[in-house]
Amino acid sequence: MSKEKKLILGIESSCDETAAAVVRGGNEILSNIVASQIESHKRFGGVVPEIASRHHVEQITIVIEEALAQAGVKMAEIDGIAVTEGPGLVGALLIGVSAAKALAFASGKPLIPVHHIAGHIYANRFETAFHFPLLALVVSGGHTELVYMKEENSFEIIGETRDDAAGEAYDKVARTLGLPYPGGVQIDKLAAEGEDTFHFPRAMIDDDSYDFSFSGLKSAFINQLHNMRQKNLEPSPKDMAASFQASVVDVLVTKTIRAAREYGVKQLLLAGGVAANRGLREQLIEEVNLELPDVELIIPPLSLCGDNAAMIAAAGTVQMEMGHFAGLAMNAEPGLEFDEV
Ligand code: KG4
Ligand code: ZN
């Protein structure tokens with residue numbers, strides 16, 4: 001493989017964002033277009049898969065054309081087409097995969113399959129180069145995992161949630177407070193103005209595993225709300241949010257620091273939609289400085305925490321360098337595991 005910087009077109013459609021991006025050399029964004037469907041899903045309080053698929057169909061061509069136009073790049077100049085293969089909603093994934101296959105067939109360019117979570121991790125490549133071994137805390141709407149990477153493109157899940165993902169718990173408790181979907185960012189805002197007065201449990205914080213559990217916290221939150229409302233009391237949403245966030249962040253940060261120390265990593269990465277959380281970012285920065293001064297903490301910019309295609313192109317660049325390509329028989333894999341990458 002030549003050393004010249006590759007131009008990769010990334011395509012992402014695993015959930016409720018239709019996205020395309022052009023990335024040079026795996027770490028330089030030439031364009032990053034994201035068409036969000038949040039407004040369409042808001043009135044249902046969550047993502048409706050059928051509606052998501054329809055929006056992807058409407059948006060995908062427009063978004064890809066815009067990504068190329070904004071980058072000032074013609075399809076003929078693209079070296080490879082990276083697309084999210086999974087995990088995600090099957091109908092949503094299929095739109096991106098079909099578009100990528102059609103483009104690959106028409107242009108003769110190689111097709112590169114990308115794992116969505118690998119994409120979230122590689123969003124950090126826009127910040128700095130990776131030094132292995134590293135540990136990534138992946139926190140999104142569908143995943144909460146500690147991923148150990150001993151080298152490029154090698155992903156070992158050393159801990160994960162046993163029930164709800166962190167983002168899912170955020171969205172569910174936000175709903176009980178009557179906040180609009182997606183509730184994570186709303187809880188984060190409220191939390192900044194409240195105090196941890198309810199002291200919700202910190203599930204599994206002291207056990208030996210690196211696993212997480214958030215459904216007990218979610219139940220504690222909902223019970224607290226119901227109990228108070230039965231007594232005609234309305235708890236302060238700011239304190240409820242701050243108390244919920246303190247529990248989530250304490251557990252995530254404590255276990256991540258412990259794992260990073262035990263695995264002797266050089267870098268610690270934050271990844272996924274919940275990486276945008278202010279409380280999590282602040283506490284992680286503080287504790288890494290204090291406890292692991294030799295470990296480099298990397299946090300992606302807010303614009304690259306949520307789903308986007310630049311991160312898919314970044315992960316795709318590595319796949320391409322390793323010679324991992326897909327044929328036109330490629331399919332969407334809604335339950336794709338890391339060991340299938
Ligand atoms: O990675 P992402 O965009 O989609 C998935 O792959 O799941 O993550 C979306 C999740 C949602 O649950 C959303 O509420 C959460 O990320 N989120 C946040 C914040 N911003 C987004 N959660 C907590 N605090 C935030 N600031
Ligand atoms: Zn995601």
# chains A, B, ... in the order shown; residues from 1 in each chain; ligands from 1
>>> residues_around(residues="stretch 267-275 of chain A", least_positions_apart="5", cutoff="7 Å", atoms="only C-alpha atoms", output="ChimeraX atom specification")
/A:120-121,131,134-141,167,281,295-299,305-306
>>> residues_around(residues="stretch 212-227 of chain A", least_positions_apart="6", cutoff="10 Å", atoms="only C-alpha atoms", output="JSON, numbers by chain")
{"A": [144, 145, 146, 159, 160, 161, 162, 163, 164, 165, 166, 167, 168, 169, 170, 172, 173, 176, 177, 198, 200, 201, 202, 203, 204, 205, 233, 234, 235, 236, 237, 240, 241, 243, 244, 247, 248, 251, 252, 255]}
>>> atom_distance(atom1="atom CA of A:Asp16", atom2="atom CA of A:Ser53")
8.5 Å
>>> closest_residue(among="A:Asp196, A:Asp208, A:Glu12, A:Glu291", to="ligand 1", atoms="only C-alpha atoms and all ligand atoms")
A:Glu12
>>> closest_residue(among="A:Cys15, A:Ile62, A:Ile33, A:Ala174", to="ligand 2", atoms="only C-alpha atoms and all ligand atoms")
A:Cys15
>>> select_by_dssp(residues="stretch 85-151 of chain A", states="alpha helix (DSSP H)", output="short mmCIF file (atom, residue, chain, number, x, y, z; two decimals) with all heavy atoms, in the first residue's frame")
data_model
loop_
_atom_site.label_atom_id
_atom_site.label_comp_id
_atom_site.auth_asym_id
_atom_site.auth_seq_id
_atom_site.Cartn_x
_atom_site.Cartn_y
_atom_site.Cartn_z
N VAL A 90 -31.62 -2.88 11.60
CA VAL A 90 -31.34 -3.54 10.32
C VAL A 90 -31.83 -2.71 9.13
O VAL A 90 -31.11 -2.54 8.14
CB VAL A 90 -31.86 -4.99 10.28
CG1 VAL A 90 -33.39 -5.06 10.36
CG2 VAL A 90 -31.36 -5.71 9.05
N GLY A 91 -33.04 -2.19 9.22
CA GLY A 91 -33.60 -1.42 8.10
C GLY A 91 -32.83 -0.14 7.85
O GLY A 91 -32.69 0.30 6.71
N ALA A 92 -32.31 0.45 8.91
CA ALA A 92 -31.54 1.69 8.81
C ALA A 92 -30.16 1.39 8.20
O ALA A 92 -29.73 2.05 7.25
CB ALA A 92 -31.39 2.33 10.19
N LEU A 93 -29.50 0.35 8.73
CA LEU A 93 -28.18 -0.03 8.22
C LEU A 93 -28.23 -0.34 6.73
O LEU A 93 -27.33 0.01 5.96
CB LEU A 93 -27.68 -1.29 8.96
CG LEU A 93 -27.22 -1.11 10.41
CD1 LEU A 93 -27.13 -2.47 11.09
CD2 LEU A 93 -25.88 -0.39 10.46
N LEU A 94 -29.30 -1.04 6.33
CA LEU A 94 -29.43 -1.49 4.94
C LEU A 94 -29.36 -0.34 3.94
O LEU A 94 -28.85 -0.52 2.83
CB LEU A 94 -30.76 -2.23 4.76
CG LEU A 94 -30.70 -3.75 4.89
CD1 LEU A 94 -32.10 -4.34 4.85
CD2 LEU A 94 -29.84 -4.35 3.77
N ILE A 95 -29.87 0.81 4.33
CA ILE A 95 -29.88 1.95 3.40
C ILE A 95 -28.45 2.41 3.12
O ILE A 95 -28.07 2.59 1.96
CB ILE A 95 -30.70 3.15 3.95
CG1 ILE A 95 -32.05 2.72 4.52
CG2 ILE A 95 -30.84 4.24 2.90
CD1 ILE A 95 -32.97 2.05 3.56
N GLY A 96 -27.66 2.55 4.18
CA GLY A 96 -26.26 2.96 3.99
C GLY A 96 -25.47 1.91 3.24
O GLY A 96 -24.70 2.23 2.32
N VAL A 97 -25.68 0.65 3.61
CA VAL A 97 -24.94 -0.45 2.97
C VAL A 97 -25.31 -0.53 1.49
O VAL A 97 -24.44 -0.67 0.62
CB VAL A 97 -25.23 -1.80 3.70
CG1 VAL A 97 -24.72 -2.98 2.88
CG2 VAL A 97 -24.59 -1.79 5.09
N SER A 98 -26.60 -0.39 1.16
CA SER A 98 -27.02 -0.48 -0.24
C SER A 98 -26.45 0.69 -1.05
O SER A 98 -25.99 0.50 -2.18
CB SER A 98 -28.55 -0.44 -0.36
OG SER A 98 -29.10 -1.48 0.41
N ALA A 99 -26.47 1.88 -0.45
CA ALA A 99 -25.92 3.06 -1.15
C ALA A 99 -24.43 2.86 -1.40
O ALA A 99 -23.93 3.13 -2.50
CB ALA A 99 -26.15 4.31 -0.32
N ALA A 100 -23.71 2.36 -0.39
CA ALA A 100 -22.26 2.16 -0.51
C ALA A 100 -21.96 1.10 -1.58
O ALA A 100 -21.03 1.26 -2.38
CB ALA A 100 -21.68 1.75 0.84
N LYS A 101 -22.76 0.04 -1.58
CA LYS A 101 -22.53 -1.02 -2.58
C LYS A 101 -22.79 -0.50 -3.99
O LYS A 101 -22.03 -0.79 -4.92
CB LYS A 101 -23.44 -2.23 -2.28
CG LYS A 101 -22.95 -2.99 -1.06
CD LYS A 101 -23.55 -4.35 -0.80
CE LYS A 101 -24.85 -4.74 -1.27
NZ LYS A 101 -25.32 -6.02 -0.70
N ALA A 102 -23.86 0.26 -4.15
CA ALA A 102 -24.19 0.80 -5.47
C ALA A 102 -23.07 1.72 -5.96
O ALA A 102 -22.63 1.63 -7.11
CB ALA A 102 -25.51 1.58 -5.40
N LEU A 103 -22.56 2.57 -5.05
CA LEU A 103 -21.47 3.49 -5.41
C LEU A 103 -20.20 2.71 -5.75
O LEU A 103 -19.49 3.05 -6.70
CB LEU A 103 -21.17 4.41 -4.23
CG LEU A 103 -21.81 5.78 -4.21
CD1 LEU A 103 -21.40 6.51 -2.93
CD2 LEU A 103 -21.39 6.60 -5.42
N ALA A 104 -19.93 1.68 -4.96
CA ALA A 104 -18.73 0.88 -5.18
C ALA A 104 -18.82 0.17 -6.54
O ALA A 104 -17.84 0.12 -7.30
CB ALA A 104 -18.55 -0.14 -4.06
N PHE A 105 -20.00 -0.34 -6.85
CA PHE A 105 -20.21 -1.05 -8.11
C PHE A 105 -20.05 -0.08 -9.29
O PHE A 105 -19.35 -0.37 -10.27
CB PHE A 105 -21.61 -1.67 -8.13
CG PHE A 105 -21.93 -2.40 -9.40
CD1 PHE A 105 -21.26 -3.56 -9.74
CD2 PHE A 105 -22.90 -1.90 -10.27
CE1 PHE A 105 -21.55 -4.23 -10.92
CE2 PHE A 105 -23.20 -2.57 -11.44
CZ PHE A 105 -22.52 -3.73 -11.77
N ALA A 106 -20.68 1.09 -9.17
CA ALA A 106 -20.67 2.06 -10.27
C ALA A 106 -19.28 2.66 -10.47
O ALA A 106 -18.87 2.92 -11.60
CB ALA A 106 -21.69 3.16 -10.00
N SER A 107 -18.54 2.87 -9.37
CA SER A 107 -17.26 3.59 -9.49
C SER A 107 -16.06 2.64 -9.54
O SER A 107 -14.95 3.07 -9.85
CB SER A 107 -17.10 4.52 -8.29
OG SER A 107 -17.02 3.76 -7.09
N HIS A 116 -19.68 -0.08 13.91
CA HIS A 116 -20.10 1.23 14.38
C HIS A 116 -19.32 1.70 15.62
O HIS A 116 -18.93 2.87 15.73
CB HIS A 116 -21.61 1.19 14.69
CG HIS A 116 -22.17 2.49 15.17
ND1 HIS A 116 -22.43 3.55 14.33
CD2 HIS A 116 -22.52 2.92 16.40
CE1 HIS A 116 -22.92 4.57 15.03
NE2 HIS A 116 -22.98 4.21 16.29
N ILE A 117 -19.08 0.79 16.54
CA ILE A 117 -18.36 1.16 17.78
C ILE A 117 -16.89 1.44 17.50
O ILE A 117 -16.28 2.33 18.11
CB ILE A 117 -18.53 0.07 18.87
CG1 ILE A 117 -20.02 -0.12 19.20
CG2 ILE A 117 -17.75 0.42 20.12
CD1 ILE A 117 -20.71 1.11 19.73
N ALA A 118 -16.31 0.68 16.55
CA ALA A 118 -14.93 1.00 16.14
C ALA A 118 -14.91 2.43 15.62
O ALA A 118 -13.98 3.20 15.89
CB ALA A 118 -14.46 0.03 15.06
N GLY A 119 -15.96 2.81 14.90
CA GLY A 119 -16.08 4.18 14.40
C GLY A 119 -16.05 5.17 15.55
O GLY A 119 -15.26 6.13 15.54
N HIS A 120 -16.88 4.94 16.57
CA HIS A 120 -16.89 5.86 17.72
C HIS A 120 -15.50 5.97 18.34
O HIS A 120 -15.05 7.06 18.72
CB HIS A 120 -17.88 5.38 18.79
CG HIS A 120 -19.30 5.84 18.55
ND1 HIS A 120 -19.64 7.16 18.49
CD2 HIS A 120 -20.45 5.14 18.36
CE1 HIS A 120 -20.96 7.27 18.27
NE2 HIS A 120 -21.46 6.06 18.18
N ILE A 121 -14.81 4.85 18.47
CA ILE A 121 -13.46 4.88 19.06
C ILE A 121 -12.51 5.69 18.17
O ILE A 121 -11.77 6.55 18.64
CB ILE A 121 -12.94 3.43 19.27
CG1 ILE A 121 -13.78 2.73 20.35
CG2 ILE A 121 -11.45 3.44 19.64
CD1 ILE A 121 -13.48 1.24 20.53
N TYR A 122 -12.57 5.44 16.86
CA TYR A 122 -11.65 6.12 15.94
C TYR A 122 -11.99 7.59 15.73
O TYR A 122 -11.20 8.32 15.11
CB TYR A 122 -11.54 5.35 14.61
CG TYR A 122 -10.51 4.24 14.71
CD1 TYR A 122 -10.86 2.96 15.13
CD2 TYR A 122 -9.18 4.50 14.44
CE1 TYR A 122 -9.90 1.97 15.27
CE2 TYR A 122 -8.21 3.52 14.56
CZ TYR A 122 -8.59 2.25 14.98
OH TYR A 122 -7.62 1.29 15.11
#
>>> residues_around(residues="stretch 319-324 of chain A", least_positions_apart="2", cutoff="8 Å", atoms="only C-alpha atoms", output="list in words")
Met1, Gly80, Ile112, Pro113, Val114, Asn153, Ala315, Gly316, Thr317 and Ala326 of chain A
>>> residues_around(residues="A:Arg43", least_positions_apart="3", cutoff="9 Å", atoms="only C-alpha atoms", output="list of chain:residue names")
A:Glu39, A:Ser40, A:Gly46, A:Pro180, A:Tyr181
>>> select_by_dssp(residues="stretch 43-292 of chain A", states="strand (DSSP E or B)", output="mmCIF file with N, CA and C atoms, in the first residue's frame")
data_model
loop_
_atom_site.group_PDB
_atom_site.id
_atom_site.type_symbol
_atom_site.label_atom_id
_atom_site.label_comp_id
_atom_site.auth_asym_id
_atom_site.auth_seq_id
_atom_site.Cartn_x
_atom_site.Cartn_y
_atom_site.Cartn_z
ATOM 1 N N GLY A 80 -11.651 4.806 -1.371
ATOM 2 C CA GLY A 80 -12.428 3.713 -0.807
ATOM 3 C C GLY A 80 -13.714 4.227 -0.187
ATOM 4 N N ILE A 81 -14.724 3.335 -0.115
ATOM 5 C CA ILE A 81 -16.023 3.715 0.461
ATOM 6 C C ILE A 81 -16.222 2.895 1.729
ATOM 7 N N ALA A 82 -16.190 3.600 2.882
ATOM 8 C CA ALA A 82 -16.351 2.922 4.173
ATOM 9 C C ALA A 82 -17.794 3.091 4.633
ATOM 10 N N VAL A 83 -18.391 2.004 5.084
ATOM 11 C CA VAL A 83 -19.797 2.088 5.505
ATOM 12 C C VAL A 83 -20.026 1.271 6.776
ATOM 13 N N THR A 84 -20.915 1.770 7.630
ATOM 14 C CA THR A 84 -21.259 1.037 8.851
ATOM 15 C C THR A 84 -21.993 -0.246 8.481
ATOM 16 N N GLU A 85 -21.394 -1.374 8.897
ATOM 17 C CA GLU A 85 -21.980 -2.682 8.600
ATOM 18 C C GLU A 85 -22.947 -3.090 9.722
ATOM 19 N N GLY A 86 -22.658 -2.649 10.953
ATOM 20 C CA GLY A 86 -23.451 -2.965 12.121
ATOM 21 C C GLY A 86 -22.649 -2.579 13.339
ATOM 22 N N LEU A 111 -14.950 -1.394 -1.315
ATOM 23 C CA LEU A 111 -15.977 -1.246 -0.280
ATOM 24 C C LEU A 111 -15.355 -1.698 1.044
ATOM 25 N N ILE A 112 -15.493 -0.863 2.072
ATOM 26 C CA ILE A 112 -14.831 -1.155 3.360
ATOM 27 C C ILE A 112 -15.891 -1.244 4.458
ATOM 28 N N PRO A 113 -16.067 -2.427 5.075
ATOM 29 C CA PRO A 113 -17.071 -2.556 6.142
ATOM 30 C C PRO A 113 -16.521 -2.053 7.473
ATOM 31 N N VAL A 114 -17.330 -1.289 8.217
ATOM 32 C CA VAL A 114 -16.862 -0.724 9.491
ATOM 33 C C VAL A 114 -17.844 -1.057 10.610
ATOM 34 N N HIS A 115 -17.286 -1.448 11.772
ATOM 35 C CA HIS A 115 -18.080 -1.685 12.977
ATOM 36 C C HIS A 115 -18.402 -0.312 13.582
ATOM 37 N N LEU A 134 -4.240 0.770 24.519
ATOM 38 C CA LEU A 134 -5.131 1.831 24.997
ATOM 39 C C LEU A 134 -6.450 1.235 25.443
ATOM 40 N N LEU A 135 -7.182 2.039 26.183
ATOM 41 C CA LEU A 135 -8.495 1.606 26.663
ATOM 42 C C LEU A 135 -9.517 2.660 26.245
ATOM 43 N N ALA A 136 -10.667 2.194 25.721
ATOM 44 C CA ALA A 136 -11.727 3.139 25.347
ATOM 45 C C ALA A 136 -12.963 2.870 26.187
ATOM 46 N N LEU A 137 -13.493 3.937 26.773
ATOM 47 C CA LEU A 137 -14.798 3.838 27.428
ATOM 48 C C LEU A 137 -15.826 4.272 26.390
ATOM 49 N N VAL A 138 -16.628 3.289 25.946
ATOM 50 C CA VAL A 138 -17.634 3.563 24.920
ATOM 51 C C VAL A 138 -18.994 3.683 25.589
ATOM 52 N N VAL A 139 -19.583 4.864 25.500
ATOM 53 C CA VAL A 139 -20.884 5.093 26.144
ATOM 54 C C VAL A 139 -21.822 5.740 25.130
ATOM 55 N N THR A 144 -22.520 0.289 26.317
ATOM 56 C CA THR A 144 -21.651 0.792 27.382
ATOM 57 C C THR A 144 -20.600 -0.289 27.571
ATOM 58 N N GLU A 145 -19.381 0.012 27.133
ATOM 59 C CA GLU A 145 -18.340 -1.011 27.107
ATOM 60 C C GLU A 145 -16.983 -0.406 27.403
ATOM 61 N N LEU A 146 -16.132 -1.217 28.032
ATOM 62 C CA LEU A 146 -14.721 -0.867 28.141
ATOM 63 C C LEU A 146 -13.997 -1.730 27.115
ATOM 64 N N VAL A 147 -13.365 -1.085 26.162
ATOM 65 C CA VAL A 147 -12.730 -1.819 25.061
ATOM 66 C C VAL A 147 -11.216 -1.639 25.150
ATOM 67 N N TYR A 148 -10.494 -2.772 25.256
ATOM 68 C CA TYR A 148 -9.038 -2.755 25.328
ATOM 69 C C TYR A 148 -8.483 -2.991 23.934
ATOM 70 N N MET A 149 -7.587 -2.123 23.514
ATOM 71 C CA MET A 149 -6.944 -2.301 22.198
ATOM 72 C C MET A 149 -5.452 -2.472 22.407
ATOM 73 N N GLU A 156 -10.917 -5.756 22.358
ATOM 74 C CA GLU A 156 -11.324 -6.754 23.348
ATOM 75 C C GLU A 156 -12.245 -6.068 24.370
ATOM 76 N N ILE A 157 -13.472 -6.573 24.462
ATOM 77 C CA ILE A 157 -14.398 -5.986 25.434
ATOM 78 C C ILE A 157 -14.075 -6.586 26.795
ATOM 79 N N ILE A 158 -13.579 -5.750 27.717
ATOM 80 C CA ILE A 158 -13.216 -6.282 29.045
ATOM 81 C C ILE A 158 -14.334 -6.056 30.061
ATOM 82 N N GLY A 159 -15.305 -5.246 29.705
ATOM 83 C CA GLY A 159 -16.457 -5.017 30.581
ATOM 84 C C GLY A 159 -17.577 -4.386 29.777
ATOM 85 N N GLU A 160 -18.826 -4.662 30.187
ATOM 86 C CA GLU A 160 -19.955 -4.077 29.452
ATOM 87 C C GLU A 160 -21.177 -4.032 30.342
ATOM 88 N N THR A 161 -22.213 -3.350 29.898
ATOM 89 C CA THR A 161 -23.400 -3.276 30.729
ATOM 90 C C THR A 161 -24.135 -4.615 30.702
ATOM 91 N N PHE A 212 -21.030 -3.153 34.021
ATOM 92 C CA PHE A 212 -21.866 -2.072 34.558
ATOM 93 C C PHE A 212 -23.313 -2.537 34.627
ATOM 94 N N GLN A 267 -2.961 5.223 26.682
ATOM 95 C CA GLN A 267 -3.997 6.235 26.422
ATOM 96 C C GLN A 267 -5.353 5.743 26.893
ATOM 97 N N LEU A 268 -6.183 6.705 27.257
ATOM 98 C CA LEU A 268 -7.561 6.416 27.642
ATOM 99 C C LEU A 268 -8.450 7.260 26.743
ATOM 100 N N LEU A 269 -9.414 6.609 26.068
ATOM 101 C CA LEU A 269 -10.264 7.304 25.105
ATOM 102 C C LEU A 269 -11.710 7.295 25.576
ATOM 103 N N LEU A 270 -12.402 8.383 25.326
ATOM 104 C CA LEU A 270 -13.834 8.446 25.608
ATOM 105 C C LEU A 270 -14.531 8.417 24.247
ATOM 106 N N ALA A 271 -15.640 7.662 24.148
ATOM 107 C CA ALA A 271 -16.285 7.533 22.837
ATOM 108 C C ALA A 271 -17.785 7.323 22.965
#
